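Colleague: I'd like to ask you about the structure that follows.
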Amino acid sequence: MPHHSRQAHPTPVSITWYGHSAFAIRSPGGVTVLVDPWLDNPKAPPDALARAQADVILVTHGHGDHFGNTVELAKRTGAHVFAIYEISVYLQGQGVQNVHGLNKSGTGSFRGLHFTMTHAEHSGGLEPGGPIISGGDPAGFVIRLENGQTIYHAGDTGVFGDMQLIGHLYKPQIVMLPIGGAYTMGPLEAAYACKLLKPQHIIGMHYGTYPVLEGTPEQLKDHLPEAMRKKVLTLTPGEAVEM
């Protein structure tokens with residue numbers, strides 16, 4: 001897939017969407033990052049969880065549809081897990097090794113990749129079974145790859161004005177934005193977020209998993225200026241794309 005970066009990226013990044021907000025990102029240097037790894041969600045391929053590998057896991061917030069299979073995967077793979085401080089403490093209590101607590105505007109790193117935690121407009125309690133417990137604030141992540149490419153995974157969020165700040169500071173070339181509505185922004189708000197962020201590629205997420213998540217990539221395109229519509233990519237769960 002062609003890209004339009006300001007600099008040459010001879011080895012592409014590979015992105016696989018597993019449905020909902022779960023992604024695997026394989027960096028040009030061969031580092032595999034799982035974001036919000038709910039890999040047994042209704043849209044995921046049936047073997048996604050069993051086959052998953054990870055060097056890094058990023059958790060945007062504590063809700064079960066994002067925290068997902070983090071504990072199982074981290075223990076199986078030994079991946080380094082980055083999450084907001086309260087979730088990092090919870091993970092350590094679950095026996096997970098290689099846990100790194102962050103907070104908003106903080107940055108962690110692993111083998112030449114950098115992960116900067118951003119604001120998100122949402123809630124973020126952990127759902128361990130029984131009463132919900134504090135999971136700190138919800139967040140997003142800007143992922144900077146070894147070759148300088150940047151990816152913004154917004155987590156669960158509504159649109160907020162400081163997305164313009166994220167655009168100015170980090171210049172994300174690829175953005176992953178929720179579009180389903182109900183629990184997050186829908187196509188109208190996500191389109192405005194795109195105007196603030198000014199990315200080169202737009203990937204919708206958090207849609208179609210359940211009937212209430214009604215927004216679609218086509219509806220997102222309808223709300224975008226004509227010049228931005230071609231930037232929207234519709235991914236198929238389990239199929240990798242190179243960018």
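Identifiers in this document derive from the order of the structure tokens: chains are assigned A, B, ..., residues are numbered from 1 separately in each chain, and ligands are numbered from 1 in order of occurrence.
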Contacts of Ala154 (chain A) at 10 Å or less, counting only C-alpha atoms, minus same-chain residues fewer than 2 places along, as a list in words?
Modeller: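 Listing them by chain and then by number gives Ser21, Thr60, Met117, Thr118, His119, Ala120, Glu121, Pro138, Ala139, Gly140, Phe141, Val142, Ile151, Tyr152, Asp156, Thr157, Gly158, Val159, Met163, Val175, Met176, Leu177, Pro178 and Met205 of chain A.
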Colleague: Env of Pro172 (chain A): 12 Å cut, atoms = only C-alpha atoms, seq-sep filter 4 positions within chain, self excluded. Answer as a PyMOL selection string.
Modeller: chain A and resi 5-6+116+141-145+148-154+163-168+176+194+196-202
Colleague: Mind dumping the selected residues with N, CA, C and O atoms as a compact mmCIF listing (two decimals), in the first residue's frame?
Modeller:
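Result file follows (result-v8.txt):
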```txt
# COMPACT_ATOMS: atom_id res chain seq x y z
N SER A 5 4.53 9.67 3.18
CA SER A 5 5.31 10.27 4.26
C SER A 5 6.30 11.28 3.73
O SER A 5 6.72 11.23 2.58
N ARG A 6 6.70 12.19 4.61
CA ARG A 6 7.69 13.20 4.24
C ARG A 6 9.08 12.59 4.11
O ARG A 6 9.97 13.21 3.56
N THR A 116 3.82 7.32 23.66
CA THR A 116 3.42 8.49 24.43
C THR A 116 1.94 8.41 24.73
O THR A 116 1.11 8.26 23.83
N PHE A 141 -2.66 6.40 22.74
CA PHE A 141 -1.21 6.29 22.59
C PHE A 141 -0.77 6.83 21.23
O PHE A 141 -1.41 6.53 20.20
N VAL A 142 0.31 7.59 21.23
CA VAL A 142 1.04 7.88 20.00
C VAL A 142 2.25 6.96 19.98
O VAL A 142 3.06 6.95 20.91
N ILE A 143 2.36 6.18 18.92
CA ILE A 143 3.45 5.21 18.77
C ILE A 143 4.42 5.74 17.72
O ILE A 143 4.01 5.98 16.57
N ARG A 144 5.65 5.94 18.12
CA ARG A 144 6.68 6.39 17.18
C ARG A 144 7.59 5.21 16.88
O ARG A 144 8.21 4.64 17.78
N LEU A 145 7.67 4.85 15.61
CA LEU A 145 8.44 3.69 15.18
C LEU A 145 9.90 4.05 14.98
O LEU A 145 10.28 5.21 15.01
N GLY A 148 10.70 6.71 12.41
CA GLY A 148 10.07 8.02 12.55
C GLY A 148 8.60 8.07 12.23
O GLY A 148 7.95 9.08 12.51
N GLN A 149 8.04 7.01 11.64
CA GLN A 149 6.59 6.99 11.42
C GLN A 149 5.85 7.07 12.74
O GLN A 149 6.29 6.50 13.75
N THR A 150 4.70 7.72 12.75
CA THR A 150 3.90 7.84 13.95
C THR A 150 2.48 7.35 13.71
O THR A 150 1.88 7.63 12.66
N ILE A 151 1.95 6.65 14.71
CA ILE A 151 0.61 6.10 14.69
C ILE A 151 -0.10 6.56 15.95
O ILE A 151 0.44 6.45 17.06
N TYR A 152 -1.32 7.08 15.81
CA TYR A 152 -2.11 7.50 16.96
C TYR A 152 -3.31 6.58 17.11
O TYR A 152 -4.18 6.54 16.24
N HIS A 153 -3.33 5.80 18.20
CA HIS A 153 -4.49 4.98 18.57
C HIS A 153 -5.21 5.76 19.67
O HIS A 153 -4.68 5.93 20.76
N ALA A 154 -6.39 6.25 19.37
CA ALA A 154 -7.07 7.19 20.26
C ALA A 154 -7.71 6.53 21.46
O ALA A 154 -8.17 7.23 22.37
N MET A 163 -6.96 17.46 20.41
CA MET A 163 -6.49 16.61 19.31
C MET A 163 -5.64 17.44 18.34
O MET A 163 -4.72 16.92 17.71
N GLN A 164 -5.97 18.73 18.24
CA GLN A 164 -5.14 19.61 17.41
C GLN A 164 -3.72 19.68 17.97
O GLN A 164 -2.74 19.69 17.21
N LEU A 165 -3.59 19.69 19.29
CA LEU A 165 -2.28 19.69 19.92
C LEU A 165 -1.54 18.39 19.63
O LEU A 165 -0.34 18.39 19.34
N ILE A 166 -2.25 17.26 19.68
CA ILE A 166 -1.64 15.98 19.33
C ILE A 166 -1.13 16.02 17.90
O ILE A 166 -0.04 15.54 17.59
N GLY A 167 -1.92 16.62 17.02
CA GLY A 167 -1.49 16.76 15.63
C GLY A 167 -0.24 17.60 15.49
O GLY A 167 0.69 17.25 14.76
N HIS A 168 -0.20 18.71 16.21
CA HIS A 168 0.96 19.61 16.12
C HIS A 168 2.21 18.97 16.71
O HIS A 168 3.30 19.05 16.14
N MET A 176 -6.02 5.85 14.29
CA MET A 176 -7.04 4.84 14.55
C MET A 176 -8.05 5.47 15.48
O MET A 176 -7.76 5.75 16.64
N CYS A 194 -10.45 14.15 12.56
CA CYS A 194 -9.52 14.04 11.43
C CYS A 194 -9.08 15.41 10.94
O CYS A 194 -7.91 15.60 10.56
N LEU A 196 -8.71 17.99 12.79
CA LEU A 196 -7.76 18.50 13.78
C LEU A 196 -6.41 17.80 13.66
O LEU A 196 -5.36 18.43 13.86
N LEU A 197 -6.42 16.51 13.36
CA LEU A 197 -5.19 15.70 13.37
C LEU A 197 -4.43 15.75 12.04
O LEU A 197 -3.21 15.57 12.02
N LYS A 198 -5.16 15.91 10.94
CA LYS A 198 -4.56 16.00 9.61
C LYS A 198 -3.64 14.81 9.27
O LYS A 198 -2.49 14.98 8.87
N PRO A 199 -4.15 13.59 9.40
CA PRO A 199 -3.32 12.41 9.11
C PRO A 199 -3.25 12.11 7.63
O PRO A 199 -3.99 12.69 6.82
N GLN A 200 -2.39 11.17 7.28
CA GLN A 200 -2.31 10.68 5.90
C GLN A 200 -3.20 9.46 5.69
O GLN A 200 -3.66 9.22 4.58
N HIS A 201 -3.41 8.67 6.74
CA HIS A 201 -4.26 7.48 6.67
C HIS A 201 -5.17 7.47 7.88
O HIS A 201 -4.74 7.76 9.00
N ILE A 202 -6.44 7.07 7.67
CA ILE A 202 -7.46 7.06 8.72
C ILE A 202 -8.05 5.65 8.80
O ILE A 202 -8.53 5.11 7.80
```
Colleague: Hey, what's within 10 Å of Asp40 (chain A) if we count only C-alpha atoms and toss same-chain stuff fewer than 6 positions away? As JSON, numbers by chain, please?
Modeller: {"A": [18, 19, 22, 46, 47, 48, 49, 50, 65, 68, 69]}
Colleague: Could those selected residues go to a file with C-alpha atoms, as a PDB file, in the first residue's frame?
Modeller:
```
ATOM      1  CA  TYR A  18      -8.551  -7.872  14.913  1.00  0.00           C
ATOM      2  CA  GLY A  19     -11.928  -6.188  15.206  1.00  0.00           C
ATOM      3  CA  ALA A  22      -7.556  -4.470  18.829  1.00  0.00           C
ATOM      4  CA  PRO A  46     -11.275 -17.643  15.648  1.00  0.00           C
ATOM      5  CA  ASP A  47      -7.553 -18.362  16.043  1.00  0.00           C
ATOM      6  CA  ALA A  48      -6.479 -14.781  16.791  1.00  0.00           C
ATOM      7  CA  LEU A  49      -5.887 -15.279  20.508  1.00  0.00           C
ATOM      8  CA  ALA A  50      -4.151 -18.628  20.180  1.00  0.00           C
ATOM      9  CA  ASP A  65     -13.403  -4.732  25.588  1.00  0.00           C
ATOM     10  CA  GLY A  68      -9.253  -7.896  26.964  1.00  0.00           C
ATOM     11  CA  ASN A  69      -6.758 -10.761  27.080  1.00  0.00           C
TER      12      ASN A  69
END
```
Colleague: Using only C-alpha atoms, which of the listed residues (A:Ser27, A:Gly136, A:Arg229, A:Thr184) sits closest to Leu213 (chain A)?
Modeller: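 Selected residue with least distance to Leu213 (chain A): A:Thr184.
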Colleague: Within 9 Å of region 75-82 of chain A, counting only C-alpha atoms, which residues qualify if same-chain residues fewer than 4 places away don't, as a VMD selection string?
Modeller: chain A and resid 33 52 to 60 70 to 71 88 91 95 to 102 108 110 115
Colleague: Atoms to include: N, CA, C and O atoms. Write the selected residues as a CSV table (one decimal), in the first residue's frame.
Modeller:
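The result, written out as out-v4.csv:
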```
chain,number,residue,atom,x,y,z
A,33,VAL,N,3.7,-4.9,18.3
A,33,VAL,CA,2.9,-4.2,19.4
A,33,VAL,C,1.4,-4.6,19.3
A,33,VAL,O,0.8,-4.4,18.2
A,52,ALA,N,-1.6,-15.3,18.6
A,52,ALA,CA,-1.0,-13.9,18.9
A,52,ALA,C,0.4,-14.0,19.5
A,52,ALA,O,0.6,-14.8,20.4
A,53,GLN,N,1.3,-13.2,19.0
A,53,GLN,CA,2.6,-12.9,19.6
A,53,GLN,C,2.7,-11.5,19.9
A,53,GLN,O,2.0,-10.6,19.3
A,54,ALA,N,3.5,-11.1,20.8
A,54,ALA,CA,3.7,-9.7,21.2
A,54,ALA,C,5.0,-9.5,21.9
A,54,ALA,O,5.5,-10.3,22.7
A,55,ASP,N,5.7,-8.4,21.5
A,55,ASP,CA,6.8,-7.9,22.3
A,55,ASP,C,6.3,-6.8,23.2
A,55,ASP,O,6.9,-6.6,24.3
A,56,VAL,N,5.3,-6.0,22.8
A,56,VAL,CA,4.8,-4.9,23.6
A,56,VAL,C,3.2,-5.0,23.6
A,56,VAL,O,2.7,-5.4,22.5
A,57,ILE,N,2.6,-4.7,24.7
A,57,ILE,CA,1.2,-4.6,24.8
A,57,ILE,C,0.9,-3.2,25.3
A,57,ILE,O,1.4,-2.8,26.4
A,58,LEU,N,0.0,-2.5,24.6
A,58,LEU,CA,-0.5,-1.1,25.1
A,58,LEU,C,-1.9,-1.3,25.5
A,58,LEU,O,-2.8,-1.7,24.7
A,59,VAL,N,-2.3,-0.8,26.7
A,59,VAL,CA,-3.6,-0.9,27.2
A,59,VAL,C,-4.1,0.6,27.4
A,59,VAL,O,-3.6,1.3,28.2
A,60,THR,N,-5.2,1.0,26.6
A,60,THR,CA,-5.7,2.3,26.7
A,60,THR,C,-6.5,2.6,28.0
A,60,THR,O,-6.5,3.7,28.5
A,70,THR,N,-5.2,-9.2,28.1
A,70,THR,CA,-3.9,-8.7,28.4
A,70,THR,C,-3.1,-9.6,29.3
A,70,THR,O,-1.9,-9.9,29.1
A,71,VAL,N,-3.7,-10.0,30.4
A,71,VAL,CA,-3.0,-10.8,31.4
A,71,VAL,C,-2.6,-12.1,30.8
A,71,VAL,O,-1.4,-12.5,30.9
A,88,SER,N,-1.3,-0.5,35.8
A,88,SER,CA,0.0,-1.2,35.9
A,88,SER,C,0.1,-1.8,37.3
A,88,SER,O,0.6,-3.0,37.4
A,91,LEU,N,-2.1,-5.0,37.2
A,91,LEU,CA,-1.4,-6.0,36.4
A,91,LEU,C,-0.3,-6.7,37.2
A,91,LEU,O,-0.2,-7.9,37.2
A,95,GLY,N,0.3,-10.8,38.7
A,95,GLY,CA,1.4,-11.7,38.5
A,95,GLY,C,2.1,-11.4,37.1
A,95,GLY,O,2.9,-12.2,36.7
A,96,VAL,N,1.7,-10.3,36.5
A,96,VAL,CA,2.3,-9.9,35.2
A,96,VAL,C,3.7,-9.3,35.4
A,96,VAL,O,3.8,-8.4,36.2
A,97,GLN,N,4.7,-9.8,34.6
A,97,GLN,CA,6.0,-9.2,34.7
A,97,GLN,C,6.1,-8.1,33.6
A,97,GLN,O,5.3,-8.0,32.7
A,98,ASN,N,7.2,-7.3,33.7
A,98,ASN,CA,7.5,-6.4,32.6
A,98,ASN,C,6.4,-5.3,32.4
A,98,ASN,O,6.0,-5.0,31.3
A,99,VAL,N,5.9,-4.8,33.5
A,99,VAL,CA,4.8,-3.8,33.5
A,99,VAL,C,5.4,-2.4,33.7
A,99,VAL,O,6.3,-2.2,34.5
A,100,HIS,N,5.0,-1.5,32.8
A,100,HIS,CA,5.5,-0.1,32.9
A,100,HIS,C,4.3,0.8,33.0
A,100,HIS,O,3.4,0.9,32.1
A,101,GLY,N,4.2,1.5,34.2
A,101,GLY,CA,3.2,2.5,34.4
A,101,GLY,C,3.5,3.8,33.7
A,101,GLY,O,4.7,4.3,33.8
A,102,LEU,N,2.6,4.5,33.1
A,102,LEU,CA,2.7,5.8,32.5
A,102,LEU,C,1.6,6.7,32.9
A,102,LEU,O,0.7,6.2,33.6
A,108,GLY,N,7.1,6.0,27.2
A,108,GLY,CA,7.9,4.8,27.4
A,108,GLY,C,8.6,4.4,26.2
A,108,GLY,O,8.2,4.8,25.1
A,110,PHE,N,10.8,1.0,24.0
A,110,PHE,CA,11.2,-0.4,23.9
A,110,PHE,C,11.9,-0.6,22.5
A,110,PHE,O,11.2,-0.3,21.5
A,115,PHE,N,6.3,5.2,23.1
A,115,PHE,CA,4.9,5.2,23.3
A,115,PHE,C,4.5,6.3,24.2
A,115,PHE,O,4.9,6.3,25.4
```
Colleague: Just give me the gap between CA of Ser14 (chain A) and CA of Ala193 (chain A) in Å, one decimal is fine.
Modeller: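 Calculated distance between CA of Ser14 (chain A) and CA of Ala193 (chain A) is 23.8 Å.
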Colleague: Write out as a VMD selection string all residues of region 17-150 of chain A that backbone DSSP assigns to alpha helix (DSSP H).
Modeller: chain A and resid 48 to 51 64 to 67 70 to 77 85 to 93
Colleague: Near Asp222 (chain A), counting only C-alpha atoms, which residues have an atom at most 12 Å away, once you skip same-chain residues fewer than 3 positions from it, shown as a PyMOL selection string?
Modeller: chain A and resi 187-192+215-219+225-230+232
Colleague: Now that the selection is made, can you save its residues with all heavy atoms as a tab-separated table (two decimals), in the first residue's frame?
Modeller:
```tsv
chain	number	residue	atom	x	y	z
A	187	PRO	N	-19.30	8.81	13.53
A	187	PRO	CA	-18.67	9.32	12.31
A	187	PRO	C	-18.58	10.85	12.23
A	187	PRO	O	-17.58	11.38	11.76
A	187	PRO	CB	-19.58	8.77	11.20
A	187	PRO	CG	-20.15	7.52	11.78
A	187	PRO	CD	-20.37	7.84	13.22
A	188	LEU	N	-19.60	11.56	12.70
A	188	LEU	CA	-19.57	13.02	12.64
A	188	LEU	C	-18.41	13.58	13.46
A	188	LEU	O	-17.61	14.40	12.97
A	188	LEU	CB	-20.89	13.59	13.15
A	188	LEU	CG	-20.94	15.11	13.31
A	188	LEU	CD1	-20.81	15.81	11.96
A	188	LEU	CD2	-22.23	15.54	14.03
A	189	GLU	N	-18.30	13.12	14.70
A	189	GLU	CA	-17.25	13.62	15.59
A	189	GLU	C	-15.87	13.15	15.14
A	189	GLU	O	-14.89	13.89	15.21
A	189	GLU	CB	-17.52	13.18	17.03
A	189	GLU	CG	-18.81	13.73	17.62
A	189	GLU	CD	-20.05	12.91	17.30
A	189	GLU	OE1	-19.93	11.89	16.58
A	189	GLU	OE2	-21.14	13.29	17.76
A	190	ALA	N	-15.80	11.90	14.67
A	190	ALA	CA	-14.51	11.37	14.22
A	190	ALA	C	-14.01	12.14	12.99
A	190	ALA	O	-12.80	12.36	12.83
A	190	ALA	CB	-14.63	9.89	13.89
A	191	ALA	N	-14.93	12.56	12.13
A	191	ALA	CA	-14.53	13.35	10.97
A	191	ALA	C	-13.93	14.68	11.42
A	191	ALA	O	-12.93	15.14	10.85
A	191	ALA	CB	-15.73	13.59	10.05
A	192	TYR	N	-14.51	15.29	12.43
A	192	TYR	CA	-13.94	16.54	12.94
A	192	TYR	C	-12.57	16.29	13.56
A	192	TYR	O	-11.64	17.10	13.41
A	192	TYR	CB	-14.87	17.19	13.95
A	192	TYR	CG	-14.49	18.62	14.25
A	192	TYR	CD1	-14.90	19.65	13.42
A	192	TYR	CD2	-13.69	18.93	15.36
A	192	TYR	CE1	-14.53	20.96	13.68
A	192	TYR	CE2	-13.32	20.24	15.62
A	192	TYR	CZ	-13.74	21.25	14.78
A	192	TYR	OH	-13.37	22.55	15.02
A	215	GLY	N	-21.95	3.25	13.69
A	215	GLY	CA	-21.16	4.01	12.72
A	215	GLY	C	-20.34	3.11	11.81
A	215	GLY	O	-19.96	2.00	12.19
A	216	THR	N	-20.06	3.59	10.61
A	216	THR	CA	-19.32	2.82	9.62
A	216	THR	C	-18.27	3.70	8.95
A	216	THR	O	-18.38	4.93	8.95
A	216	THR	CB	-20.25	2.27	8.52
A	216	THR	OG1	-20.76	3.38	7.76
A	216	THR	CG2	-21.39	1.45	9.10
A	217	PRO	N	-17.26	3.09	8.33
A	217	PRO	CA	-16.29	3.88	7.58
A	217	PRO	C	-16.93	4.69	6.46
A	217	PRO	O	-16.48	5.81	6.17
A	217	PRO	CB	-15.32	2.82	7.04
A	217	PRO	CG	-15.41	1.70	8.01
A	217	PRO	CD	-16.84	1.67	8.44
A	218	GLU	N	-17.95	4.16	5.83
A	218	GLU	CA	-18.62	4.91	4.76
A	218	GLU	C	-19.29	6.17	5.30
A	218	GLU	O	-19.27	7.23	4.66
A	218	GLU	CB	-19.65	4.01	4.04
A	218	GLU	CG	-19.03	2.94	3.16
A	218	GLU	CD	-18.10	3.51	2.11
A	218	GLU	OE1	-18.47	4.53	1.47
A	218	GLU	OE2	-16.99	2.97	1.94
A	219	GLN	N	-19.89	6.05	6.48
A	219	GLN	CA	-20.49	7.23	7.09
A	219	GLN	C	-19.42	8.24	7.48
A	219	GLN	O	-19.62	9.46	7.37
A	219	GLN	CB	-21.31	6.83	8.32
A	219	GLN	CG	-22.57	6.05	7.97
A	219	GLN	CD	-23.26	5.48	9.20
A	219	GLN	OE1	-22.76	5.61	10.31
A	219	GLN	NE2	-24.38	4.82	8.98
A	225	PRO	N	-14.33	16.17	4.35
A	225	PRO	CA	-14.16	16.89	3.08
A	225	PRO	C	-13.72	15.92	1.99
A	225	PRO	O	-13.05	14.92	2.27
A	225	PRO	CB	-13.04	17.89	3.41
A	225	PRO	CG	-12.97	17.98	4.88
A	225	PRO	CD	-13.43	16.66	5.41
A	226	GLU	N	-14.12	16.21	0.78
A	226	GLU	CA	-13.85	15.27	-0.32
A	226	GLU	C	-12.38	14.90	-0.42
A	226	GLU	O	-12.03	13.74	-0.67
A	226	GLU	CB	-14.33	15.88	-1.64
A	226	GLU	CG	-14.24	14.91	-2.81
A	226	GLU	CD	-14.89	15.47	-4.06
A	226	GLU	OE1	-15.47	16.57	-4.00
A	226	GLU	OE2	-14.79	14.79	-5.11
A	227	ALA	N	-11.49	15.84	-0.18
A	227	ALA	CA	-10.06	15.57	-0.32
A	227	ALA	C	-9.55	14.59	0.73
A	227	ALA	O	-8.50	13.97	0.53
A	227	ALA	CB	-9.28	16.88	-0.20
A	228	MET	N	-10.28	14.41	1.83
A	228	MET	CA	-9.83	13.51	2.89
A	228	MET	C	-10.44	12.12	2.79
A	228	MET	O	-9.97	11.19	3.45
A	228	MET	CB	-10.16	14.09	4.27
A	228	MET	CG	-9.40	15.35	4.64
A	228	MET	SD	-9.61	15.81	6.40
A	228	MET	CE	-8.50	14.62	7.18
A	229	ARG	N	-11.46	11.96	1.96
A	229	ARG	CA	-12.18	10.69	1.94
A	229	ARG	C	-11.31	9.53	1.50
A	229	ARG	O	-11.44	8.41	2.01
A	229	ARG	CB	-13.42	10.81	1.04
A	229	ARG	CG	-14.47	11.72	1.61
A	229	ARG	CD	-15.61	11.98	0.65
A	229	ARG	NE	-16.50	13.01	1.17
A	229	ARG	CZ	-17.44	13.62	0.47
A	229	ARG	NH1	-17.62	13.30	-0.81
A	229	ARG	NH2	-18.19	14.55	1.02
A	230	LYS	N	-10.40	9.78	0.58
A	230	LYS	CA	-9.54	8.71	0.08
A	230	LYS	C	-8.54	8.23	1.13
A	230	LYS	O	-7.89	7.20	0.95
A	230	LYS	CB	-8.79	9.18	-1.16
A	230	LYS	CG	-7.86	10.35	-0.90
A	230	LYS	CD	-7.24	10.87	-2.19
A	230	LYS	CE	-6.35	12.09	-1.93
A	230	LYS	NZ	-5.80	12.66	-3.17
A	232	VAL	N	-9.38	7.24	4.12
A	232	VAL	CA	-10.03	6.27	4.99
A	232	VAL	C	-9.79	4.86	4.47
A	232	VAL	O	-10.07	4.55	3.31
A	232	VAL	CB	-11.54	6.54	5.10
A	232	VAL	CG1	-12.21	5.47	5.95
A	232	VAL	CG2	-11.79	7.92	5.68
```
